[in-house]
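Engineer: My structure file entry.pdb, PDB, C-alpha atoms and all ligand atoms, is below:
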ATOM      1  CA  MET A 841     131.971 -93.307  64.224
ATOM      2  CA  ALA A 842     135.752 -92.811  63.854
ATOM      3  CA  MET A 843     137.536 -91.276  66.838
ATOM      4  CA  LYS A 844     139.360 -88.005  66.284
ATOM      5  CA  THR A 845     143.149 -88.159  66.121
ATOM      6  CA  VAL A 846     145.262 -86.417  68.759
ATOM      7  CA  SER A 847     148.626 -84.700  68.405
ATOM      8  CA  PRO A 848     151.350 -85.461  70.979
ATOM      9  CA  LYS A 849     151.439 -81.808  72.075
ATOM     10  CA  GLU A 850     147.843 -82.098  73.279
ATOM     11  CA  THR A 851     149.083 -84.745  75.740
ATOM     12  CA  LEU A 852     152.063 -82.734  77.022
ATOM     13  CA  THR A 853     152.240 -82.733  80.813
ATOM     14  CA  ILE A 854     154.926 -80.855  82.712
ATOM     15  CA  ALA A 855     155.297 -81.639  86.418
ATOM     16  CA  THR A 856     157.719 -79.694  88.612
ATOM     17  CA  HIS A 857     158.738 -80.858  92.107
ATOM     18  CA  PHE A 858     160.996 -79.500  94.856
ATOM     19  CA  VAL A 859     163.032 -82.324  96.437
ATOM     20  CA  LEU A 860     162.151 -82.056 100.153
ATOM     21  CA  PRO A 861     163.681 -83.891 103.143
ATOM     22  CA  GLU A 862     160.835 -86.438 103.207
ATOM     23  CA  ASN A 863     161.669 -87.406  99.605
ATOM     24  CA  THR A 864     165.331 -88.264 100.255
ATOM     25  CA  ASN A 865     167.466 -91.038 101.728
ATOM     26  CA  THR A 866     170.073 -90.483 104.458
ATOM     27  CA  LEU A 867     172.605 -89.290 101.855
ATOM     28  CA  GLY A 868     170.247 -86.502 100.839
ATOM     29  CA  ASN A 869     169.470 -88.130  97.477
ATOM     30  CA  LEU A 870     165.976 -88.406  96.013
ATOM     31  CA  MET A 871     164.520 -91.889  96.686
ATOM     32  CA  GLY A 872     163.932 -93.921  93.515
ATOM     33  CA  GLY A 873     160.402 -94.842  94.564
ATOM     34  CA  GLN A 874     159.469 -91.184  94.991
ATOM     35  CA  LEU A 875     160.601 -90.430  91.439
ATOM     36  CA  LEU A 876     158.610 -93.451  90.164
ATOM     37  CA  ASN A 877     155.518 -92.054  91.863
ATOM     38  CA  TRP A 878     155.977 -88.597  90.297
ATOM     39  CA  LEU A 879     156.555 -90.265  86.908
ATOM     40  CA  ASP A 880     153.403 -92.379  87.332
ATOM     41  CA  ILE A 881     151.261 -89.315  88.004
ATOM     42  CA  ALA A 882     152.707 -87.165  85.184
ATOM     43  CA  SER A 883     152.404 -89.992  82.635
ATOM     44  CA  ALA A 884     148.877 -90.908  83.790
ATOM     45  CA  ILE A 885     147.781 -87.293  83.187
ATOM     46  CA  SER A 886     149.399 -87.391  79.747
ATOM     47  CA  ALA A 887     147.610 -90.655  78.838
ATOM     48  CA  HIS A 888     144.365 -89.234  80.231
ATOM     49  CA  ARG A 889     144.762 -86.150  78.003
ATOM     50  CA  LEU A 890     144.817 -88.458  74.970
ATOM     51  CA  CYS A 891     141.738 -90.521  75.785
ATOM     52  CA  LYS A 892     139.817 -88.538  78.476
ATOM     53  CA  ARG A 893     139.035 -91.832  80.220
ATOM     54  CA  VAL A 894     140.202 -93.589  83.381
ATOM     55  CA  VAL A 895     143.686 -94.993  82.765
ATOM     56  CA  VAL A 896     145.568 -97.659  84.715
ATOM     57  CA  THR A 897     149.303 -98.303  84.721
ATOM     58  CA  ALA A 898     149.884-101.529  82.782
ATOM     59  CA  ALA A 899     153.689-101.461  82.920
ATOM     60  CA  VAL A 900     156.640 -99.383  84.055
ATOM     61  CA  ASN A 901     159.306 -99.677  81.397
ATOM     62  CA  ASN A 902     162.816 -98.400  80.905
ATOM     63  CA  VAL A 903     163.469 -96.236  83.938
ATOM     64  CA  SER A 904     167.122 -95.730  84.733
ATOM     65  CA  PHE A 905     168.662 -93.636  87.495
ATOM     66  CA  GLN A 906     171.741 -92.128  85.884
ATOM     67  CA  HIS A 907     172.548 -89.247  88.240
ATOM     68  CA  PRO A 908     171.710 -88.710  91.909
ATOM     69  CA  ILE A 909     169.133 -85.954  92.417
ATOM     70  CA  LYS A 910     169.859 -83.953  95.571
ATOM     71  CA  LEU A 911     167.818 -82.410  98.375
ATOM     72  CA  GLY A 912     166.715 -78.923  97.291
ATOM     73  CA  ASP A 913     166.973 -79.688  93.557
ATOM     74  CA  ILE A 914     164.016 -79.039  91.279
ATOM     75  CA  VAL A 915     162.821 -82.003  89.201
ATOM     76  CA  ILE A 916     160.997 -81.316  85.935
ATOM     77  CA  ILE A 917     159.161 -84.146  84.193
ATOM     78  CA  GLU A 918     157.964 -83.654  80.612
ATOM     79  CA  ALA A 919     155.555 -86.410  79.562
ATOM     80  CA  LYS A 920     153.936 -86.984  76.160
ATOM     81  CA  VAL A 921     152.133 -89.960  74.666
ATOM     82  CA  SER A 922     154.491 -91.487  72.086
ATOM     83  CA  ARG A 923     152.009 -93.928  70.544
ATOM     84  CA  SER A 924     148.559 -95.300  71.120
ATOM     85  CA  PHE A 925     147.447 -98.809  70.175
ATOM     86  CA  ALA A 926     143.952-100.309  70.510
ATOM     87  CA  THR A 927     143.425 -99.694  74.230
ATOM     88  CA  SER A 928     146.977 -98.978  75.458
ATOM     89  CA  MET A 929     149.194 -95.919  75.285
ATOM     90  CA  GLU A 930     152.954 -95.578  75.623
ATOM     91  CA  VAL A 931     154.047 -92.401  77.446
ATOM     92  CA  PHE A 932     157.610 -91.161  77.013
ATOM     93  CA  MET A 933     159.123 -88.894  79.669
ATOM     94  CA  ASP A 934     162.186 -86.660  79.703
ATOM     95  CA  ILE A 935     163.381 -85.835  83.205
ATOM     96  CA  TYR A 936     165.429 -82.728  83.984
ATOM     97  CA  VAL A 937     167.058 -81.510  87.168
ATOM     98  CA  GLU A 938     167.481 -77.823  87.903
ATOM     99  CA  HIS A 939     170.418 -77.363  90.279
ATOM    100  CA  HIS A 940     169.423 -75.606  93.505
ATOM    101  CA  THR A 941     172.273 -73.070  93.522
ATOM    102  CA  THR A 942     173.379 -72.663  89.876
ATOM    103  CA  GLY A 943     169.960 -72.995  88.225
ATOM    104  CA  GLU A 944     171.610 -75.156  85.561
ATOM    105  CA  LYS A 945     169.038 -77.501  83.988
ATOM    106  CA  ILE A 946     170.335 -80.873  82.859
ATOM    107  CA  LYS A 947     168.532 -83.854  81.424
ATOM    108  CA  CYS A 948     169.087 -86.732  83.820
ATOM    109  CA  ASN A 949     166.724 -89.534  82.840
ATOM    110  CA  GLU A 950     164.217 -90.872  80.371
ATOM    111  CA  ALA A 951     161.346 -93.138  81.317
ATOM    112  CA  ILE A 952     158.547 -94.986  79.576
ATOM    113  CA  TYR A 953     155.261 -96.094  81.143
ATOM    114  CA  THR A 954     152.362 -97.952  79.510
ATOM    115  CA  PHE A 955     148.718 -97.207  80.373
ATOM    116  CA  VAL A 956     145.442 -98.861  79.418
ATOM    117  CA  ALA A 957     142.132 -96.985  79.225
ATOM    118  CA  VAL A 958     139.382 -98.778  81.103
ATOM    119  CA  ASP A 959     135.634 -98.413  81.633
ATOM    120  CA  GLN A 960     133.889 -98.344  85.016
ATOM    121  CA  MET A 961     134.157-102.143  85.224
ATOM    122  CA  GLY A 962     137.927-102.043  84.604
ATOM    123  CA  SER A 963     137.624-103.502  81.093
ATOM    124  CA  PRO A 964     139.968-102.084  78.408
ATOM    125  CA  ILE A 965     138.361 -99.626  75.954
ATOM    126  CA  HIS A 966     139.538 -98.123  72.660
ATOM    127  CA  VAL A 967     141.599 -94.927  72.634
ATOM    128  CA  PRO A 968     142.073 -92.293  69.882
ATOM    129  CA  GLU A 969     144.949 -92.538  67.429
ATOM    130  CA  LEU A 970     148.052 -90.391  68.020
ATOM    131  CA  LEU A 971     149.530 -88.562  65.024
ATOM    132  CA  PRO A 972     153.190 -87.587  65.602
ATOM    133  CA  GLU A 973     154.339 -84.245  64.155
ATOM    134  CA  THR A 974     157.963 -83.425  65.048
ATOM    135  CA  LYS A 975     161.022 -85.469  64.058
ATOM    136  CA  GLU A 976     161.488 -86.679  67.647
ATOM    137  CA  GLU A 977     157.800 -87.575  68.001
ATOM    138  CA  LYS A 978     157.990 -89.599  64.765
ATOM    139  CA  LEU A 979     161.114 -91.452  65.970
ATOM    140  CA  ARG A 980     159.509 -92.295  69.301
ATOM    141  CA  PHE A 981     156.278 -93.330  67.523
ATOM    142  CA  GLU A 982     158.193 -95.755  65.285
ATOM    143  CA  GLY A 983     160.244 -97.192  68.175
ATOM    144  CA  ALA A 984     157.091 -97.732  70.248
ATOM    145  CA  LEU A 985     155.978-100.706  68.146
ATOM    146  CA  ARG A 986     159.286-102.498  68.805
ATOM    147  CA  ARG A 987     159.150-101.673  72.521
ATOM    148  CA  ARG A 988     155.523-102.866  72.756
ATOM    149  CA  GLN A 989     156.400-106.216  71.190
ATOM    150  CA  LEU A 990     159.346-106.635  73.556
ATOM    151  CA  ARG A 991     157.284-105.882  76.675
ATOM    152  CA  LEU A 992     154.435-108.170  75.609
ATOM    153  CA  ILE A 993     156.919-111.011  75.038
ATOM    154  CA  LEU A 994     158.431-110.381  78.484
ATOM    155  CA  ALA A 995     154.924-110.352  80.005
ATOM    156  CA  GLY A 996     154.183-113.707  78.316
ATOM    157  CA  LYS A 997     151.411-112.118  76.206
ATOM    158  CA  MET A 998     153.057-112.470  72.775
ATOM    159  CA  LYS A 999     155.013-115.252  71.132
ATOM    160  CA  PRO A1000     158.471-114.198  69.886
ATOM    161  CA  GLU A1001     157.586-115.436  66.357
ATOM    162  CA  GLU A1002     154.641-112.962  66.265
ATOM    163  CA  ALA A1003     156.928-109.981  66.891
ATOM    164  CA  SER A1004     157.288-108.493  63.392
ATOM    165  CA  GLU A1005     159.698-105.771  64.561
ATOM    166  CA  LEU A1006     162.023-108.147  66.428
ATOM    167  CA  LYS A1007     162.613-110.818  63.787
ATOM    168  CA  ALA A1008     166.375-110.318  63.821
ATOM    169  CA  LEU A1009     166.507-110.938  67.581
ATOM    170  CA  PHE A1010     164.577-114.219  67.481
ATOM    171  CA  ALA A1011     165.687-115.617  64.101
TER     172      ALA A1011
HETATM  173  C1  LIG B   1     146.267-103.437  82.350
HETATM  174  C2  LIG B   1     144.998-104.281  82.284
HETATM  175  C3  LIG B   1     143.773-103.364  82.136
HETATM  176  C4  LIG B   1     145.094-105.173  81.055
HETATM  177  O1  LIG B   1     143.964-105.975  81.062
HETATM  178  P1  LIG B   1     143.946-107.434  80.363
HETATM  179  O2  LIG B   1     142.651-108.073  80.660
HETATM  180  O3  LIG B   1     145.211-108.124  80.627
HETATM  181  O4  LIG B   1     143.776-106.971  78.924
HETATM  182  P2  LIG B   1     144.300-107.486  77.527
HETATM  183  O5  LIG B   1     145.215-108.661  77.568
HETATM  184  O6  LIG B   1     143.070-107.544  76.704
HETATM  185  O7  LIG B   1     145.161-106.227  77.070
HETATM  186  C5  LIG B   1     144.620-104.928  77.048
HETATM  187  C6  LIG B   1     145.738-104.000  76.687
HETATM  188  O8  LIG B   1     146.704-104.011  77.724
HETATM  189  C7  LIG B   1     147.981-104.207  77.169
HETATM  190  N1  LIG B   1     148.805-104.899  78.137
HETATM  191  C8  LIG B   1     148.444-105.968  78.878
HETATM  192  N2  LIG B   1     149.475-106.342  79.649
HETATM  193  C9  LIG B   1     150.492-105.491  79.396
HETATM  194  C10 LIG B   1     151.829-105.369  79.878
HETATM  195  N3  LIG B   1     152.321-106.193  80.785
HETATM  196  N4  LIG B   1     152.583-104.373  79.376
HETATM  197  C11 LIG B   1     152.099-103.533  78.471
HETATM  198  N5  LIG B   1     150.839-103.587  77.974
HETATM  199  C12 LIG B   1     150.061-104.567  78.430
HETATM  200  C13 LIG B   1     147.726-105.058  75.925
HETATM  201  O9  LIG B   1     148.786-104.930  74.995
HETATM  202  C14 LIG B   1     146.454-104.440  75.415
HETATM  203  O10 LIG B   1     146.764-103.244  74.694
HETATM  204  P3  LIG B   1     146.142-102.971  73.200
HETATM  205  O11 LIG B   1     144.647-103.103  73.338
HETATM  206  O12 LIG B   1     146.533-101.567  72.911
HETATM  207  O13 LIG B   1     146.738-103.982  72.287
HETATM  208  C15 LIG B   1     144.807-105.199  83.536
HETATM  209  O14 LIG B   1     145.864-106.135  83.571
HETATM  210  C16 LIG B   1     144.774-104.418  84.819
HETATM  211  O15 LIG B   1     143.762-103.853  85.198
HETATM  212  N6  LIG B   1     145.904-104.386  85.529
HETATM  213  C17 LIG B   1     146.017-103.672  86.805
HETATM  214  C18 LIG B   1     146.306-102.184  86.513
HETATM  215  C19 LIG B   1     146.594-101.469  87.806
HETATM  216  O16 LIG B   1     145.865-101.603  88.775
HETATM  217  N7  LIG B   1     147.673-100.698  87.787
HETATM  218  C20 LIG B   1     148.151-100.067  88.975
HETATM  219  C21 LIG B   1     149.019-101.034  89.687
HETATM  220  S1  LIG B   1     149.217-100.626  91.374
END
Written as structure tokens, how would this file's structure read?
Ligand SMILES: CC(C)(COP(=O)(O)OP(=O)(O)OC[C@H]1O[C@@H](n2cnc3c(N)ncnc32)[C@H](O)[C@@H]1OP(=O)(O)O)[C@@H](O)C(=O)NCCC(=O)NCCS

Structural biologist:
Amino acid sequence: MAMKTVSPKETLTIATHFVLPENTNTLGNLMGGQLLNWLDIASAISAHRLCKRVVVTAAVNNVSFQHPIKLGDIVIIEAKVSRSFATSMEVFMDIYVEHHTTGEKIKCNEAIYTFVAVDQMGSPIHVPELLPETKEEKLRFEGALRRRQLRLILAGKMKPEEASELKALFA
């Protein structure tokens, strides 16, 4: 029986965190590892909302720390699945910081994590198809195939000549 398709908005997960003293370094900036943890949880919930199964983090991709996030700031993570494959899902996150005195909300980072749905034995299982709707969702959906091929090459799981989307890079 065919699985039902899922729209990205059904996977939307918004996580909001106060940056507390235990989350910061001695300069009062949010520790990178703390942000990675918050990203892991938000994106895992998003992937879970697509497949309703146990998901494991297969890869952390493309996280950059462009602006320091300060003690007392509010961090908002918006996660949505950008594409699903056979058993894996790419989750795209936009990260915003709400300034603790001005309330100004600025986008400070983007991040991409990859999850795999597994059964009780930890073996990968099939996930539903994602059908993008908005212009941005369609762009991220298209780019996901290229990013998947790149990360599988880097993980030694795909030969460069098999990467249909990256022919120009490996010609
Ligand atoms: C992720 C995991 C389930 C993949 O299992 P595997 O036996 O290597 O499975 P396969 O090679 O058959 O690949 C299964 C899927 O994982 C994807 N995958 C495997 N390695 C990957 C990587 N490095 N990056 C992105 N995706 C990857 C494959 O593309 C495949 O996806 P698809 O079915 O959509 O094409 C397995 O490696 C695992 O359990 N890892 C530990 C996960 C974990 O504990 N995470 C928390 C770390 S603290």

Engineer: Which residues are close to Thr954 of chain A, i.e. within 12 Å by all atoms listed in the file, leaving aside same-chain residues fewer than 5 positions away? Reply as a PDB file with C-alpha atoms, in the frame of the given file.

Structural biologist:
ATOM      1  CA  LEU A 879     156.555 -90.265  86.908  1.00  0.00           C
ATOM      2  CA  ASP A 880     153.403 -92.379  87.332  1.00  0.00           C
ATOM      3  CA  SER A 883     152.404 -89.992  82.635  1.00  0.00           C
ATOM      4  CA  ALA A 884     148.877 -90.908  83.790  1.00  0.00           C
ATOM      5  CA  SER A 886     149.399 -87.391  79.747  1.00  0.00           C
ATOM      6  CA  ALA A 887     147.610 -90.655  78.838  1.00  0.00           C
ATOM      7  CA  HIS A 888     144.365 -89.234  80.231  1.00  0.00           C
ATOM      8  CA  VAL A 895     143.686 -94.993  82.765  1.00  0.00           C
ATOM      9  CA  VAL A 896     145.568 -97.659  84.715  1.00  0.00           C
ATOM     10  CA  THR A 897     149.303 -98.303  84.721  1.00  0.00           C
ATOM     11  CA  ALA A 898     149.884-101.529  82.782  1.00  0.00           C
ATOM     12  CA  ALA A 899     153.689-101.461  82.920  1.00  0.00           C
ATOM     13  CA  VAL A 900     156.640 -99.383  84.055  1.00  0.00           C
ATOM     14  CA  ASN A 901     159.306 -99.677  81.397  1.00  0.00           C
ATOM     15  CA  ASN A 902     162.816 -98.400  80.905  1.00  0.00           C
ATOM     16  CA  ALA A 919     155.555 -86.410  79.562  1.00  0.00           C
ATOM     17  CA  LYS A 920     153.936 -86.984  76.160  1.00  0.00           C
ATOM     18  CA  VAL A 921     152.133 -89.960  74.666  1.00  0.00           C
ATOM     19  CA  SER A 922     154.491 -91.487  72.086  1.00  0.00           C
ATOM     20  CA  ARG A 923     152.009 -93.928  70.544  1.00  0.00           C
ATOM     21  CA  SER A 924     148.559 -95.300  71.120  1.00  0.00           C
ATOM     22  CA  PHE A 925     147.447 -98.809  70.175  1.00  0.00           C
ATOM     23  CA  THR A 927     143.425 -99.694  74.230  1.00  0.00           C
ATOM     24  CA  SER A 928     146.977 -98.978  75.458  1.00  0.00           C
ATOM     25  CA  MET A 929     149.194 -95.919  75.285  1.00  0.00           C
ATOM     26  CA  GLU A 930     152.954 -95.578  75.623  1.00  0.00           C
ATOM     27  CA  VAL A 931     154.047 -92.401  77.446  1.00  0.00           C
ATOM     28  CA  PHE A 932     157.610 -91.161  77.013  1.00  0.00           C
ATOM     29  CA  MET A 933     159.123 -88.894  79.669  1.00  0.00           C
ATOM     30  CA  ALA A 984     157.091 -97.732  70.248  1.00  0.00           C
ATOM     31  CA  ARG A 987     159.150-101.673  72.521  1.00  0.00           C
ATOM     32  CA  ARG A 988     155.523-102.866  72.756  1.00  0.00           C
ATOM     33  CA  ARG A 991     157.284-105.882  76.675  1.00  0.00           C
ATOM     34  CA  LEU A 992     154.435-108.170  75.609  1.00  0.00           C
TER      35      LEU A 992
END

Engineer: Nearest to ligand LIG 1 (chain B) among A:Leu875, A:Ile914, A:Leu994, A:Val859, with distances taken over only C-alpha atoms and all ligand atoms: which residue is it?

Structural biologist: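 Looking only at the distances to ligand LIG 1 (chain B), the closest residue turns out to be A:Leu994.
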
Engineer: Atom CA of Pro1000 of chain A and atom C19 of ligand LIG 1 (chain B) are how many Å apart?

Structural biologist: 25.0 Å

Engineer: Report as lines of an AutoDock Vina configuration file the centre and the edge lengths, in Å to one decimal, of the axis-aligned box holding every listed atom of ligand LIG 1 (chain B), padded by 4 Å on each side.

Structural biologist:
center_x = 147.6
center_y = -104.4
center_z = 81.8
size_x = 17.9
size_y = 16.6
size_z = 27.1

Engineer: For the atom pair atom CA of Lys849 of chain A and atom CA of Pro908 of chain A, what is the interatomic distance in Å to one decimal place?

Structural biologist: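 Straight-line distance from atom CA of Lys849 of chain A to atom CA of Pro908 of chain A works out to 29.2 Å.
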
Engineer: What separation in Å, quoted to one decimal, exists between atom CA of Glu950 of chain A and atom CA of Asp934 of chain A?

Structural biologist: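 These atoms are spaced 4.7 Å apart.
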
Engineer: Counting all atoms listed in the file, which residue out of A:Ala951, A:Ile916, A:Ala1008, A:Val894 sits closest to ligand LIG 1 (chain B)?

Structural biologist: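 Checking each candidate against ligand LIG 1 (chain B), we get A:Val894 as the closest.
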
Engineer: So which one's closest to ligand LIG 1 (chain B), A:Lys1007, A:His966, A:Arg980, A:Lys975? Using only C-alpha atoms and all ligand atoms, please.

Structural biologist: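 Once distances to ligand LIG 1 (chain B) are computed over only C-alpha atoms and all ligand atoms, the minimum belongs to A:His966.
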
Engineer: Which is closer to Val903 of chain A than all the others in A:Pro861, A:Ile952, A:Asn869, A:Lys947, using all atoms listed in the file?

Structural biologist: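 Looking at the shortest contact to Val903 of chain A, the residue is A:Ile952.
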
Engineer: I'd like the contact shell of Glu862 of chain A - 12 Å cut-off, only C-alpha atoms, skipping same-chain residues fewer than 5 positions apart - returned as a list in words.

Structural biologist: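 Contacts, with the query itself left out: Gly868, Asn869, Leu870, Met871, Gln874, Leu911 and Gly912 of chain A.
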
Engineer: When the PyMOL selection byres (((chain A and resi 939) around 10) and not hetatm) is applied to the file above, which residues end up in the set, as a PyMOL selection string?

Structural biologist: chain A and resi 909-915+936-938+940-946

Engineer: Emit the selected residues as a CSV table (one decimal), in the frame of the given file, including C-alpha atoms.

Structural biologist:
chain,number,residue,atom,x,y,z
A,909,ILE,CA,169.1,-86.0,92.4
A,910,LYS,CA,169.9,-84.0,95.6
A,911,LEU,CA,167.8,-82.4,98.4
A,912,GLY,CA,166.7,-78.9,97.3
A,913,ASP,CA,167.0,-79.7,93.6
A,914,ILE,CA,164.0,-79.0,91.3
A,915,VAL,CA,162.8,-82.0,89.2
A,936,TYR,CA,165.4,-82.7,84.0
A,937,VAL,CA,167.1,-81.5,87.2
A,938,GLU,CA,167.5,-77.8,87.9
A,940,HIS,CA,169.4,-75.6,93.5
A,941,THR,CA,172.3,-73.1,93.5
A,942,THR,CA,173.4,-72.7,89.9
A,943,GLY,CA,170.0,-73.0,88.2
A,944,GLU,CA,171.6,-75.2,85.6
A,945,LYS,CA,169.0,-77.5,84.0
A,946,ILE,CA,170.3,-80.9,82.9

Engineer: Within 7 Å of Gln906 of chain A, counting all atoms listed in the file, which residues show up once you throw out same-chain ones fewer than 2 positions away? Write them as a ChimeraX atom specification, please.

Structural biologist: /A:904,908,948-949

Engineer: Please evaluate the PyMOL selection byres (((chain A and resi 969) around 9) and not hetatm) against the displayed coordinates and give the resulting residues as a PyMOL selection string.

Structural biologist: chain A and resi 843-847+890+923-926+967-968+970-971
